[in-house]
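Here's final_34.cif, which has mmCIF, C-alpha atoms:
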```cif
data_coords
loop_
_atom_site.label_atom_id
_atom_site.label_comp_id
_atom_site.auth_asym_id
_atom_site.auth_seq_id
_atom_site.Cartn_x
_atom_site.Cartn_y
_atom_site.Cartn_z
CA MET A 18 70.15 94.09 108.67
CA LEU A 19 68.83 91.21 106.57
CA LEU A 20 69.91 91.30 102.97
CA LYS A 21 67.33 90.48 100.37
CA ASN A 22 69.89 89.39 97.82
CA ASP A 23 73.22 89.94 96.12
CA ILE A 24 72.00 93.16 94.49
CA GLU A 25 71.31 94.78 97.83
CA ALA A 26 74.80 93.82 99.05
CA ARG A 27 76.36 95.40 95.96
CA GLU A 28 74.48 98.63 96.51
CA LEU A 29 75.46 98.71 100.16
CA LEU A 30 79.14 98.32 99.28
CA VAL A 31 78.88 101.31 96.93
CA GLU A 32 77.08 103.35 99.57
CA TYR A 33 79.47 102.54 102.39
CA GLY A 34 82.53 102.90 100.18
CA ASN A 35 81.45 106.48 99.50
CA ARG A 36 80.76 107.04 103.18
CA LEU A 37 84.28 105.91 104.03
CA VAL A 38 85.61 108.54 101.60
CA GLU A 39 83.32 111.24 103.02
CA GLU A 40 84.50 110.50 106.56
CA ASN A 41 88.13 110.56 105.34
CA LEU A 42 88.65 106.97 106.46
CA VAL A 43 89.96 105.92 103.05
CA GLN A 44 91.60 107.77 100.17
CA GLY A 45 91.57 106.90 96.50
CA THR A 46 91.63 103.14 96.04
CA TRP A 47 93.09 102.13 99.38
CA GLY A 48 91.18 99.97 101.86
CA ASN A 49 88.41 97.47 101.09
CA LEU A 50 84.96 96.36 102.23
CA SER A 51 83.02 93.11 102.11
CA ILE A 52 79.66 91.65 103.06
CA ARG A 53 78.90 87.99 103.74
CA LEU A 54 76.34 86.55 101.30
CA ASP A 55 75.94 83.07 102.78
CA LYS A 56 78.02 80.52 104.66
CA ASP A 57 80.28 79.96 101.65
CA HIS A 58 80.53 83.34 99.91
CA PHE A 59 81.14 87.00 100.46
CA ILE A 60 81.04 89.95 98.12
CA CYS A 61 83.78 92.58 98.16
CA THR A 62 85.12 95.70 96.48
CA PRO A 63 87.44 95.18 93.52
CA SER A 64 91.13 95.96 93.48
CA GLY A 65 92.40 99.36 92.31
CA ILE A 66 89.18 101.25 91.52
CA ASP A 67 88.41 104.57 93.19
CA TYR A 68 85.40 104.37 95.52
CA ARG A 69 83.76 107.34 93.84
CA ARG A 70 83.73 105.49 90.53
CA LEU A 71 82.47 102.14 91.82
CA THR A 72 79.11 100.77 90.67
CA PRO A 73 77.23 97.74 92.03
CA GLU A 74 78.29 95.75 88.97
CA ASP A 75 81.97 96.20 89.86
CA MET A 76 81.73 94.16 93.06
CA VAL A 77 83.20 90.67 93.16
CA VAL A 78 81.81 87.48 94.73
CA VAL A 79 84.44 85.32 96.45
CA HIS A 80 84.21 81.75 97.77
CA ILE A 81 85.36 81.73 101.38
CA ASP A 82 87.32 78.47 101.24
CA SER A 83 88.70 78.35 97.71
CA LEU A 84 88.98 82.16 97.22
CA LYS A 85 87.73 81.69 93.67
CA SER A 86 86.01 84.82 92.46
CA GLU A 87 83.27 85.81 90.03
CA GLY A 88 83.02 89.24 88.53
CA LYS A 89 84.43 91.50 85.86
CA HIS A 90 87.32 92.69 88.07
CA LYS A 91 89.88 91.17 90.37
CA PRO A 92 88.74 91.16 94.01
CA THR A 93 90.61 93.13 96.65
CA SER A 94 94.14 91.83 97.25
CA GLU A 95 93.13 91.32 100.90
CA LYS A 96 90.42 88.77 100.01
CA GLY A 97 92.28 86.11 102.00
CA LEU A 98 92.07 88.23 105.12
CA HIS A 99 88.34 88.86 104.71
CA ALA A 100 87.80 85.14 104.05
CA GLY A 101 89.81 84.19 107.14
CA ILE A 102 87.61 86.38 109.32
CA TYR A 103 84.39 84.97 107.85
CA ARG A 104 85.69 81.42 108.33
CA ASN A 105 86.75 81.98 111.94
CA ARG A 106 83.75 84.00 113.04
CA THR A 107 80.40 82.81 111.78
CA SER A 108 78.53 85.76 113.31
CA VAL A 109 80.48 88.35 111.28
CA GLY A 110 78.44 89.77 108.42
CA SER A 111 80.82 92.47 107.19
CA VAL A 112 84.51 93.41 107.21
CA ILE A 113 86.11 96.79 106.52
CA HIS A 114 89.84 97.44 106.14
CA THR A 115 91.18 101.00 106.02
CA HIS A 116 94.45 102.91 106.13
CA SER A 117 92.86 105.68 108.18
CA LYS A 118 95.33 108.23 109.44
CA SER A 119 95.07 107.98 113.21
CA CYS A 120 95.03 104.18 113.13
CA CYS A 121 98.12 104.35 110.92
CA ILE A 122 99.89 106.30 113.69
CA PHE A 123 99.37 103.31 115.99
CA ALA A 124 100.22 100.93 113.16
CA ALA A 125 103.53 102.77 112.58
CA ALA A 126 104.35 102.66 116.30
CA GLU A 127 103.22 99.00 116.56
CA MET A 128 101.06 100.07 119.51
CA PRO A 129 97.59 98.98 120.65
CA ILE A 130 94.91 101.61 121.33
CA ASP A 131 93.71 102.18 124.88
CA VAL A 132 90.15 103.38 124.37
CA GLU A 133 89.79 106.18 126.89
CA ASP A 134 86.29 107.41 126.07
CA ASP A 135 83.72 105.38 128.06
CA GLU A 136 80.97 105.74 125.47
CA ILE A 137 83.24 104.50 122.68
CA ALA A 138 84.56 101.69 124.89
CA LYS A 139 81.00 100.41 125.43
CA GLN A 140 80.74 99.80 121.71
CA ILE A 141 84.22 98.58 120.72
CA GLY A 142 85.86 97.52 123.98
CA ARG A 143 88.68 99.04 126.06
CA GLY A 144 91.59 97.84 124.01
CA ILE A 145 92.25 97.52 120.29
CA LYS A 146 95.16 95.12 119.84
CA VAL A 147 97.92 95.40 117.27
CA SER A 148 99.01 92.54 115.02
CA LYS A 149 102.63 91.58 114.40
CA TYR A 150 103.96 92.91 111.12
CA ALA A 151 103.87 90.86 107.91
CA LEU A 152 104.02 91.69 104.20
CA SER A 153 100.83 92.92 102.60
CA GLY A 154 98.88 90.10 100.93
CA SER A 155 100.86 87.34 102.67
CA LYS A 156 99.52 84.33 104.61
CA LYS A 157 101.49 85.53 107.63
CA LEU A 158 99.58 88.83 107.53
CA ILE A 159 96.30 86.89 107.68
CA GLU A 160 97.50 84.70 110.57
CA ASN A 161 98.84 87.65 112.56
CA THR A 162 95.72 89.73 111.99
CA LEU A 163 93.35 86.93 112.97
CA GLU A 164 95.37 86.36 116.12
CA ALA A 165 95.21 90.04 117.14
CA LEU A 166 91.55 90.37 116.13
CA GLY A 167 90.32 87.35 118.10
CA TYR A 168 86.65 87.94 118.86
CA ASN A 169 87.02 91.71 119.13
CA SER A 170 85.57 94.52 117.02
CA GLY A 171 88.78 95.31 115.25
CA CYS A 172 92.53 95.49 115.43
CA ILE A 173 95.46 97.58 114.24
CA MET A 174 97.61 95.99 111.53
CA SER A 175 101.27 96.94 112.03
CA HIS A 176 102.56 99.39 109.42
CA HIS A 177 99.42 98.84 107.42
CA GLY A 178 96.18 100.20 108.88
CA MET A 179 93.24 98.70 110.69
CA ILE A 180 90.49 96.16 110.21
CA ALA A 181 87.00 96.04 111.74
CA CYS A 182 84.16 93.56 111.64
CA GLY A 183 80.48 93.70 112.51
CA PHE A 184 77.28 91.74 112.22
CA ASP A 185 76.33 93.85 109.20
CA ILE A 186 77.92 96.66 107.22
CA GLU A 187 76.21 99.40 109.19
CA ASP A 188 77.58 97.97 112.43
CA CYS A 189 81.00 97.40 110.86
CA PHE A 190 81.16 100.96 109.51
CA GLU A 191 80.28 102.39 112.91
CA LYS A 192 83.03 100.33 114.56
CA THR A 193 85.52 101.47 111.90
CA ARG A 194 84.59 105.06 112.60
CA LEU A 195 84.78 104.65 116.38
CA ILE A 196 88.17 102.90 116.30
CA GLU A 197 89.56 105.80 114.24
CA LYS A 198 87.95 108.28 116.62
CA ALA A 199 89.45 106.51 119.66
CA ALA A 200 92.88 106.59 118.00
CA GLU A 201 92.56 110.25 117.04
CA SER A 202 91.42 111.26 120.50
CA TYR A 203 94.29 109.40 122.18
CA VAL A 204 96.90 111.03 119.92
CA ASP A 205 95.38 114.54 120.11
CA LYS A 206 95.50 114.52 123.91
CA ARG A 207 99.21 113.78 123.87
CA LEU A 208 100.29 115.89 120.92
CA GLY A 209 100.44 119.15 122.82
CA ASN A 210 102.78 117.70 125.43
CA CYS A 211 105.33 115.83 123.40
CA GLY A 212 106.83 118.64 121.30
CA CYS A 213 107.08 116.30 118.33
CA MET A 214 105.73 118.86 115.89
CA GLU A 215 108.56 121.37 116.35
CA MET B 13 97.03 120.29 73.87
CA GLU B 14 95.72 117.14 75.51
CA THR B 15 98.97 116.82 77.48
CA LYS B 16 98.84 120.44 78.60
CA ASN B 17 95.26 119.98 79.77
CA ILE B 18 96.33 116.97 81.83
CA ILE B 19 99.19 118.93 83.41
CA ALA B 20 96.84 121.81 84.21
CA ARG B 21 94.37 119.42 85.82
CA TYR B 22 97.04 117.99 88.10
CA ALA B 23 98.33 121.47 88.93
CA ARG B 24 94.85 122.40 90.13
CA MET B 25 94.73 119.22 92.25
CA ILE B 26 98.09 120.00 93.84
CA ALA B 27 97.45 123.69 94.56
CA PRO B 28 95.32 123.16 97.71
CA LEU B 29 98.00 120.90 99.23
CA ASN B 30 100.82 123.40 98.88
CA CYS B 31 102.22 125.39 101.78
CA LEU B 32 105.34 126.78 100.13
CA GLU B 33 105.88 130.33 101.24
CA GLY B 34 106.30 132.75 98.40
CA GLU B 35 106.62 129.98 95.84
CA ASN B 36 104.08 128.18 93.69
CA PRO B 37 104.06 124.43 93.19
CA ARG B 38 105.26 123.25 89.80
CA ILE B 39 104.88 120.26 87.54
CA PHE B 40 107.49 118.98 85.09
CA LEU B 41 106.63 116.38 82.48
CA ARG B 42 109.10 114.76 80.12
CA ILE B 43 107.87 113.85 76.67
CA ASP B 44 110.57 112.12 74.61
CA LYS B 45 113.41 114.65 74.65
CA LYS B 46 111.31 117.62 75.66
CA CYS B 47 110.19 118.88 79.04
CA LEU B 48 107.01 120.83 79.75
CA THR B 49 106.48 122.77 82.95
CA THR B 50 103.94 125.00 84.63
CA ASN B 51 104.60 128.73 84.86
CA LYS B 52 106.18 129.44 88.26
CA ASP B 53 104.16 132.66 88.51
CA CYS B 54 100.86 130.72 88.46
CA ASP B 55 99.49 129.57 91.80
CA GLY B 56 97.90 126.47 90.33
CA PHE B 57 94.30 127.15 91.39
CA SER B 58 93.40 128.76 88.10
CA ILE B 59 96.09 127.29 85.89
CA GLU B 60 95.21 126.53 82.28
CA SER B 61 96.98 124.94 79.33
CA LYS B 62 98.27 128.38 78.21
CA ASP B 63 100.30 128.54 81.45
CA ILE B 64 102.35 125.48 80.47
CA PHE B 65 105.43 125.84 78.34
CA ASP B 66 108.47 124.04 76.98
CA VAL B 67 111.49 124.44 79.28
CA THR B 68 113.80 122.04 77.43
CA GLU B 69 116.29 124.70 76.34
CA LYS B 70 116.14 126.80 79.49
CA ALA B 71 118.40 126.65 82.53
CA CYS B 72 116.44 124.68 85.08
CA LEU B 73 117.89 122.25 87.60
CA GLU B 74 114.65 120.31 88.08
CA LYS B 75 114.34 119.83 84.32
CA ASP B 76 117.95 118.63 84.16
CA VAL B 77 117.25 116.10 86.92
CA LEU B 78 114.06 114.82 85.29
CA MET B 79 115.73 114.35 81.93
CA THR B 80 118.30 112.00 83.48
CA LEU B 81 115.85 109.72 85.29
CA LYS B 82 115.48 106.29 83.71
CA GLU B 83 111.82 105.44 84.18
CA ASP B 84 110.17 108.44 85.81
CA LYS B 85 108.85 111.09 83.47
CA ALA B 86 106.82 113.27 85.82
CA MET B 87 107.97 115.48 88.67
CA ILE B 88 106.10 117.62 91.15
CA LEU B 89 107.73 120.45 93.11
CA CYS B 90 105.65 121.30 96.13
CA CYS B 91 105.64 121.51 99.88
CA THR B 92 102.98 120.02 102.11
CA PRO B 93 102.57 120.85 105.81
CA TYR B 94 104.11 117.83 107.54
CA VAL B 95 106.83 117.40 104.95
CA SER B 96 107.80 121.02 105.58
CA ILE B 97 108.29 120.22 109.29
CA CYS B 98 110.68 117.42 108.30
CA ILE B 99 112.57 119.77 105.97
CA SER B 100 113.01 122.47 108.60
CA SER B 101 114.13 119.92 111.21
CA GLY B 102 116.34 118.01 108.76
CA ARG B 103 114.50 114.80 109.57
CA ARG B 104 114.35 111.91 107.09
CA ILE B 105 110.94 110.45 106.37
CA LEU B 106 111.17 106.74 107.08
CA PRO B 107 109.01 103.89 105.72
CA VAL B 108 106.73 103.63 108.74
CA ILE B 109 103.70 102.60 106.68
CA ASP B 110 103.85 100.12 103.84
CA ASP B 111 102.19 102.53 101.37
CA MET B 112 105.31 104.67 101.66
CA ALA B 113 107.68 101.74 101.19
CA GLN B 114 105.84 100.65 98.05
CA ILE B 115 105.01 103.93 96.40
CA VAL B 116 107.80 106.30 97.50
CA GLY B 117 110.72 104.14 98.59
CA PRO B 118 112.81 103.15 101.62
CA GLU B 119 113.39 106.68 102.91
CA VAL B 120 113.25 110.30 101.83
CA LYS B 121 116.24 112.45 102.70
CA VAL B 122 116.79 116.17 103.17
CA VAL B 123 119.54 117.45 100.87
CA THR B 124 120.87 120.85 99.90
CA HIS B 125 119.97 122.21 96.51
CA SER B 126 122.39 120.72 93.97
CA TYR B 127 122.15 118.47 90.94
CA GLN B 128 124.37 115.78 92.50
CA ASN B 129 122.54 115.74 95.83
CA ILE B 130 119.10 115.53 94.22
CA THR B 131 119.95 112.90 91.60
CA GLY B 132 121.77 110.85 94.23
CA ALA B 133 118.74 110.82 96.51
CA LEU B 134 116.37 109.94 93.66
CA LYS B 135 118.28 106.76 92.83
CA LYS B 136 116.51 104.81 95.58
CA SER B 137 113.34 106.80 96.22
CA SER B 138 110.75 108.69 94.24
CA ALA B 139 111.12 111.79 96.39
CA VAL B 140 113.70 114.07 97.96
CA MET B 141 113.35 117.02 100.31
CA VAL B 142 115.46 119.96 99.20
CA ARG B 143 116.68 122.77 101.45
CA ASP B 144 117.46 126.19 100.10
CA GLY B 145 121.07 126.88 101.04
CA ASN B 146 121.41 127.64 104.75
CA SER B 147 117.71 128.25 105.16
CA LEU B 148 115.44 125.87 107.08
CA ASN B 149 112.89 126.22 104.29
CA GLY B 150 112.65 124.10 101.20
CA HIS B 151 110.43 121.98 99.05
CA VAL B 152 109.96 118.37 98.03
CA LEU B 153 110.49 116.90 94.58
CA VAL B 154 108.33 113.85 93.92
CA THR B 155 108.63 111.78 90.76
CA GLY B 156 106.62 109.09 89.01
CA ARG B 157 106.33 107.22 85.74
CA ASN B 158 103.32 109.39 85.04
CA LEU B 159 101.53 112.27 86.73
CA TYR B 160 99.08 110.03 88.58
CA GLU B 161 101.93 108.08 90.15
CA ALA B 162 103.80 111.28 91.13
CA TYR B 163 100.62 112.76 92.62
CA THR B 164 99.90 109.57 94.58
CA ALA B 165 103.48 109.57 95.87
CA LEU B 166 103.04 113.17 97.07
CA LEU B 167 99.90 112.23 99.05
CA VAL B 168 101.50 109.11 100.52
CA LEU B 169 104.65 111.01 101.52
CA GLU B 170 102.66 113.71 103.32
CA LYS B 171 100.69 111.01 105.14
CA ALA B 172 103.88 109.15 106.11
CA ALA B 173 105.40 112.40 107.41
CA GLU B 174 102.33 113.14 109.51
CA VAL B 175 102.14 109.59 110.86
CA MET B 176 105.85 109.53 111.69
CA LEU B 177 105.80 112.89 113.46
CA LYS B 178 102.64 112.23 115.46
CA ALA B 179 103.79 108.74 116.45
CA ASP B 180 106.51 110.45 118.52
CA CYS B 181 103.85 111.15 121.14
CA ILE B 182 103.04 107.47 121.59
CA GLY B 183 106.54 106.07 121.67
CA GLY B 184 107.81 106.68 118.16
CA ALA B 185 107.30 105.04 114.78
CA LYS B 186 109.39 102.04 113.82
CA PRO B 187 110.50 101.72 110.19
CA ILE B 188 109.76 98.65 108.11
CA GLY B 189 112.82 96.46 107.52
CA LYS B 190 114.96 97.14 104.46
CA LEU B 191 114.35 93.76 102.84
CA ASP B 192 110.56 94.04 103.18
CA CYS B 193 110.73 97.58 101.80
CA ALA B 194 112.73 96.42 98.82
CA LEU B 195 110.30 93.56 98.11
CA MET B 196 107.26 95.82 98.29
CA ARG B 197 108.91 98.50 96.19
CA ARG B 198 109.92 96.05 93.49
CA LYS B 199 106.42 94.58 93.34
CA TYR B 200 104.89 98.03 93.01
CA ARG B 201 107.35 99.22 90.35
CA ARG B 202 106.85 96.07 88.29
CA SER B 203 103.09 96.07 88.15
CA TYR B 204 100.63 98.86 87.44
CA SER B 205 97.30 98.90 89.04
CA LYS B 206 94.32 99.11 86.73
CA LEU B 207 93.65 102.58 88.05
CA GLU B 208 97.14 103.70 87.19
CA ARG B 209 96.65 102.49 83.65
CA GLU B 210 93.39 104.39 83.47
CA HIS B 211 95.03 107.56 84.76
CA ARG B 212 98.17 107.18 82.68
CA ASP B 213 98.65 110.34 80.70
CA VAL B 214 98.97 110.31 76.94
CA THR B 215 102.75 110.74 77.05
CA GLU B 216 103.44 107.35 78.55
CA LYS B 217 104.70 104.81 76.00
#
```

Structure encoded using C-alpha cells:
Amino acid sequence: MLLKNDIEARELLVEYGNRLVEENLVQGTWGNLSIRLDKDHFICTPSGIDYRRLTPEDMVVVHIDSLKSEGKHKPTSEKGLHAGIYRNRTSVGSVIHTHSKSCCIFAAAEMPIDVEDDEIAKQIGRGIKVSKYALSGSKKLIENTLEALGYNSGCIMSHHGMIACGFDIEDCFEKTRLIEKAAESYVDKRLGNCGCME
Amino acid sequence: METKNIIARYARMIAPLNCLEGENPRIFLRIDKKCLTTNKDCDGFSIESKDIFDVTEKACLEKDVLMTLKEDKAMILCCTPYVSICISSGRRILPVIDDMAQIVGPEVKVVTHSYQNITGALKKSSAVMVRDGNSLNGHVLVTGRNLYEAYTALLVLEKAAEVMLKADCIGGAKPIGKLDCALMRRKYRRSYSKLEREHRDVTEK
C-alpha cells in the first residue's frame, strides 16, 4: 500500500484503531499503532485517548532517531519501541502493539507460541518468540523486544502483550489478528484437559 | 443531579459484566462526608438517577470502608466470571500482567466478610475478593479515585483473573516481581492519564 501523504496515514490509523477495537484486540486506550512516513519519521496514535474518539488530527509525528514529536498530544509511551523497530528493519511500514487476551496468556506464562495451524503458520511463521521481561517504557523493554522480534512477524512481550510488524498497516493488522488467533487456538485446545477452570 | 447521572451511567456499564447470583452490582461514591449508592434492588441495566440515594447514615459495611479510604472515593461491588472462579477456589489474583500491577496492585486476596479483613486488604491494592461466610460464593470490591478508575480496575482485574487461570494449561503464569510492581503502581497512582482527567467525575477535587 503506497501512502499518498501524511493525511492518508492519519486516516488509516483511525480506521485500524477502530478495527482493533471491533476485533477485541484492544480495549479502551491500551495498545498503539504506527505507520512509517519516510526514512526518518513515523506517525502514531497518541497516549491515553480511546480509539473510538480518535480523529486524524490527534495523531502524532515522531522522528525515528531523536524521538522528537509534533502534534497536539503526547505520542504513545511506546514510541521508543516503534522507533527501534523502524530503525532496525527498513522494510517495516507499520507496527501494532496490543494487550490482546490470548497473547497476554502467553505473556503471563513467559511462553512462546507454537503456531499449530498450517495456514496461519504460512503467514506468520511456526514460532512466535517471547521477550524477556522489562518495565513498560524502559530501554531494556525495547532491547528485549527487538531481540525476540528479530526479523519475524511479531513477538510476545512478557507480562505485557504482543507486538507485530508488517510492510503496511493492512499487513500488520492481519499479522496481529493471526498471532492472537494462533494463541487462542493453542490455549483452547488445552483448556478442556487441564482442569484449571474448576 | 449531575453526580447521580454519572453514577447511573457507570451502573449501566457494569450491569452486563456482573454474574452475581441473586445480587445486583452496586456503586458507592463518596462526596466530602457523604456517600451515595445505587439501590440494591436495581439490576443496573435500567438504573436512573432516582435509583441513587444517600447511605451516609445507614448501616452499610461497604460505605464504612469507603469512608475510611485515604484517596479512593469510588467503589464498585460486583462479580465477574473469572473473578468468581478465584473466589470460589480461594485463589489470589496475582500480578501476571503489568496492567494489573499498575492499576489494581500487587495482588488481590480472598477474605471473609468483615470490616477489618476488607480494609486490611485494601491497604495495598484497589480490590479485594470477599466471601460470604462459609459459602464459596462472594463478590469483589474495587476502588478508585473516581468512577472511571474503579471501572478500569474492574476490567483489568477480570482480565488478569482470566489470563492467570487459563495460563495454567500452558505451564502457569508467573507473577511480576514485587519491586517492579511497586514501581509501576507508584507511577500510575502519581500521574493521571489525560483520559482519566476527561472522565473524572464532578466530585473529584

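Residue nearest B:Asp44, chosen from B:Cys31, B:Ile18, B:Cys98, B:Ala86 and counting all atoms listed in the file: B:Ala86.
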
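Contacts from chain A to chain B at a cut-off of 8 Å (all atoms listed in the file) map to Gly65, Ile66, Asp67, Lys118, Ser119, Cys121, Ile122, Phe123, Ala124, Ala125, Ala126, Glu127, Met128, Leu152, Ser153, His176, His177, Val204, Arg207, Leu208, Asn210, Cys211, Cys213, Met214 and Glu215 of chain A.
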
I'd like the residues picked by the PyMOL selection byres ((chain B and resi 23-29) around 12) written out as a PDB file with C-alpha atoms, in the frame of the given file, using the chain letters and numbers from the file.
```
ATOM      1  CA  LYS B  16      98.840 120.440  78.600  1.00  0.00           C
ATOM      2  CA  ASN B  17      95.260 119.980  79.770  1.00  0.00           C
ATOM      3  CA  ILE B  18      96.330 116.970  81.830  1.00  0.00           C
ATOM      4  CA  ILE B  19      99.190 118.930  83.410  1.00  0.00           C
ATOM      5  CA  ALA B  20      96.840 121.810  84.210  1.00  0.00           C
ATOM      6  CA  ARG B  21      94.370 119.420  85.820  1.00  0.00           C
ATOM      7  CA  TYR B  22      97.040 117.990  88.100  1.00  0.00           C
ATOM      8  CA  ASN B  30     100.820 123.400  98.880  1.00  0.00           C
ATOM      9  CA  CYS B  31     102.220 125.390 101.780  1.00  0.00           C
ATOM     10  CA  LEU B  32     105.340 126.780 100.130  1.00  0.00           C
ATOM     11  CA  GLU B  35     106.620 129.980  95.840  1.00  0.00           C
ATOM     12  CA  ASN B  36     104.080 128.180  93.690  1.00  0.00           C
ATOM     13  CA  PRO B  37     104.060 124.430  93.190  1.00  0.00           C
ATOM     14  CA  ARG B  38     105.260 123.250  89.800  1.00  0.00           C
ATOM     15  CA  ILE B  39     104.880 120.260  87.540  1.00  0.00           C
ATOM     16  CA  PHE B  40     107.490 118.980  85.090  1.00  0.00           C
ATOM     17  CA  LEU B  41     106.630 116.380  82.480  1.00  0.00           C
ATOM     18  CA  THR B  49     106.480 122.770  82.950  1.00  0.00           C
ATOM     19  CA  THR B  50     103.940 125.000  84.630  1.00  0.00           C
ATOM     20  CA  ASN B  51     104.600 128.730  84.860  1.00  0.00           C
ATOM     21  CA  LYS B  52     106.180 129.440  88.260  1.00  0.00           C
ATOM     22  CA  CYS B  54     100.860 130.720  88.460  1.00  0.00           C
ATOM     23  CA  ASP B  55      99.490 129.570  91.800  1.00  0.00           C
ATOM     24  CA  GLY B  56      97.900 126.470  90.330  1.00  0.00           C
ATOM     25  CA  PHE B  57      94.300 127.150  91.390  1.00  0.00           C
ATOM     26  CA  SER B  58      93.400 128.760  88.100  1.00  0.00           C
ATOM     27  CA  ILE B  59      96.090 127.290  85.890  1.00  0.00           C
ATOM     28  CA  GLU B  60      95.210 126.530  82.280  1.00  0.00           C
ATOM     29  CA  SER B  61      96.980 124.940  79.330  1.00  0.00           C
ATOM     30  CA  ASP B  63     100.300 128.540  81.450  1.00  0.00           C
ATOM     31  CA  ILE B  64     102.350 125.480  80.470  1.00  0.00           C
ATOM     32  CA  MET B  87     107.970 115.480  88.670  1.00  0.00           C
ATOM     33  CA  ILE B  88     106.100 117.620  91.150  1.00  0.00           C
ATOM     34  CA  LEU B  89     107.730 120.450  93.110  1.00  0.00           C
ATOM     35  CA  CYS B  90     105.650 121.300  96.130  1.00  0.00           C
ATOM     36  CA  CYS B  91     105.640 121.510  99.880  1.00  0.00           C
ATOM     37  CA  THR B  92     102.980 120.020 102.110  1.00  0.00           C
ATOM     38  CA  PRO B  93     102.570 120.850 105.810  1.00  0.00           C
ATOM     39  CA  TYR B  94     104.110 117.830 107.540  1.00  0.00           C
ATOM     40  CA  VAL B  95     106.830 117.400 104.950  1.00  0.00           C
ATOM     41  CA  SER B  96     107.800 121.020 105.580  1.00  0.00           C
ATOM     42  CA  VAL B 154     108.330 113.850  93.920  1.00  0.00           C
ATOM     43  CA  LEU B 159     101.530 112.270  86.730  1.00  0.00           C
ATOM     44  CA  TYR B 160      99.080 110.030  88.580  1.00  0.00           C
ATOM     45  CA  ALA B 162     103.800 111.280  91.130  1.00  0.00           C
ATOM     46  CA  TYR B 163     100.620 112.760  92.620  1.00  0.00           C
ATOM     47  CA  THR B 164      99.900 109.570  94.580  1.00  0.00           C
ATOM     48  CA  ALA B 165     103.480 109.570  95.870  1.00  0.00           C
ATOM     49  CA  LEU B 166     103.040 113.170  97.070  1.00  0.00           C
ATOM     50  CA  LEU B 167      99.900 112.230  99.050  1.00  0.00           C
ATOM     51  CA  GLU B 170     102.660 113.710 103.320  1.00  0.00           C
ATOM     52  CA  LYS B 171     100.690 111.010 105.140  1.00  0.00           C
TER      53      LYS B 171
END
```

If we draw a sphere of 8 Å around (123.6, 120.3, 84.2), which residues have at least one atom in it when counting all atoms listed in the file? Please report them as an MDAnalysis selection string. chainID B and resid 73 76 127

Quick one, how far is atom CA of B:Asp66 from atom CA of B:Asp53?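 Going from atom CA of B:Asp66 over to atom CA of B:Asp53 covers 15.0 Å.
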
Please determine, counting all atoms listed in the file, which residue among B:Asn158, B:Ser126, B:Ser138, B:Ser147 has the shortest atom-to-atom distance to B:Cys72. B:Ser126

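Note that the spacing between atom CA of B:Val122 and atom CA of B:Val142 amounts to 5.6 Å.
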
Run through the PyMOL selection byres ((chain A and resi 50-62) around 9) on the given coordinates and return the selected residues as number ranges by chain. A: 20, 22-23, 26-27, 29-31, 33-34, 48-49, 63-64, 66, 68, 71, 75-82, 84, 91-93, 96, 99-100, 103-104, 107, 109-115, 185-186

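Across the structure, atom CA of A:Asn41 and atom CA of A:Tyr203 are spaced 18.0 Å apart.
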
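Ranking A:Glu164, A:Glu197, A:Glu32, A:Glu95 by their shortest atom-to-atom distance to A:Pro73, with all atoms listed in the file included, puts A:Glu32 first.
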
I'd like to know which of B:Ile99, B:Met79, B:Ala173, B:Val120 is closest to B:Asn146, using all atoms listed in the file. B:Ile99

Would you please work out which residue, of A:Arg106, A:Lys85, A:Arg36, A:Lys149, is nearest to A:Phe184 when using all atoms listed in the file? A:Arg106

Can you spell out as a PDB file with C-alpha atoms, in the coordinates of the input the set of residues that the PyMOL selection byres ((chain B and resi 157) around 7) selects in the structure I just provided?
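Writing the result to selection.pdb gives the following:
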```pdb
ATOM      1  CA  GLU B  83     111.820 105.440  84.180  1.00  0.00           C
ATOM      2  CA  ASP B  84     110.170 108.440  85.810  1.00  0.00           C
ATOM      3  CA  LYS B  85     108.850 111.090  83.470  1.00  0.00           C
ATOM      4  CA  ALA B  86     106.820 113.270  85.820  1.00  0.00           C
ATOM      5  CA  GLY B 156     106.620 109.090  89.010  1.00  0.00           C
ATOM      6  CA  ASN B 158     103.320 109.390  85.040  1.00  0.00           C
ATOM      7  CA  GLU B 161     101.930 108.080  90.150  1.00  0.00           C
TER       8      GLU B 161
END
```
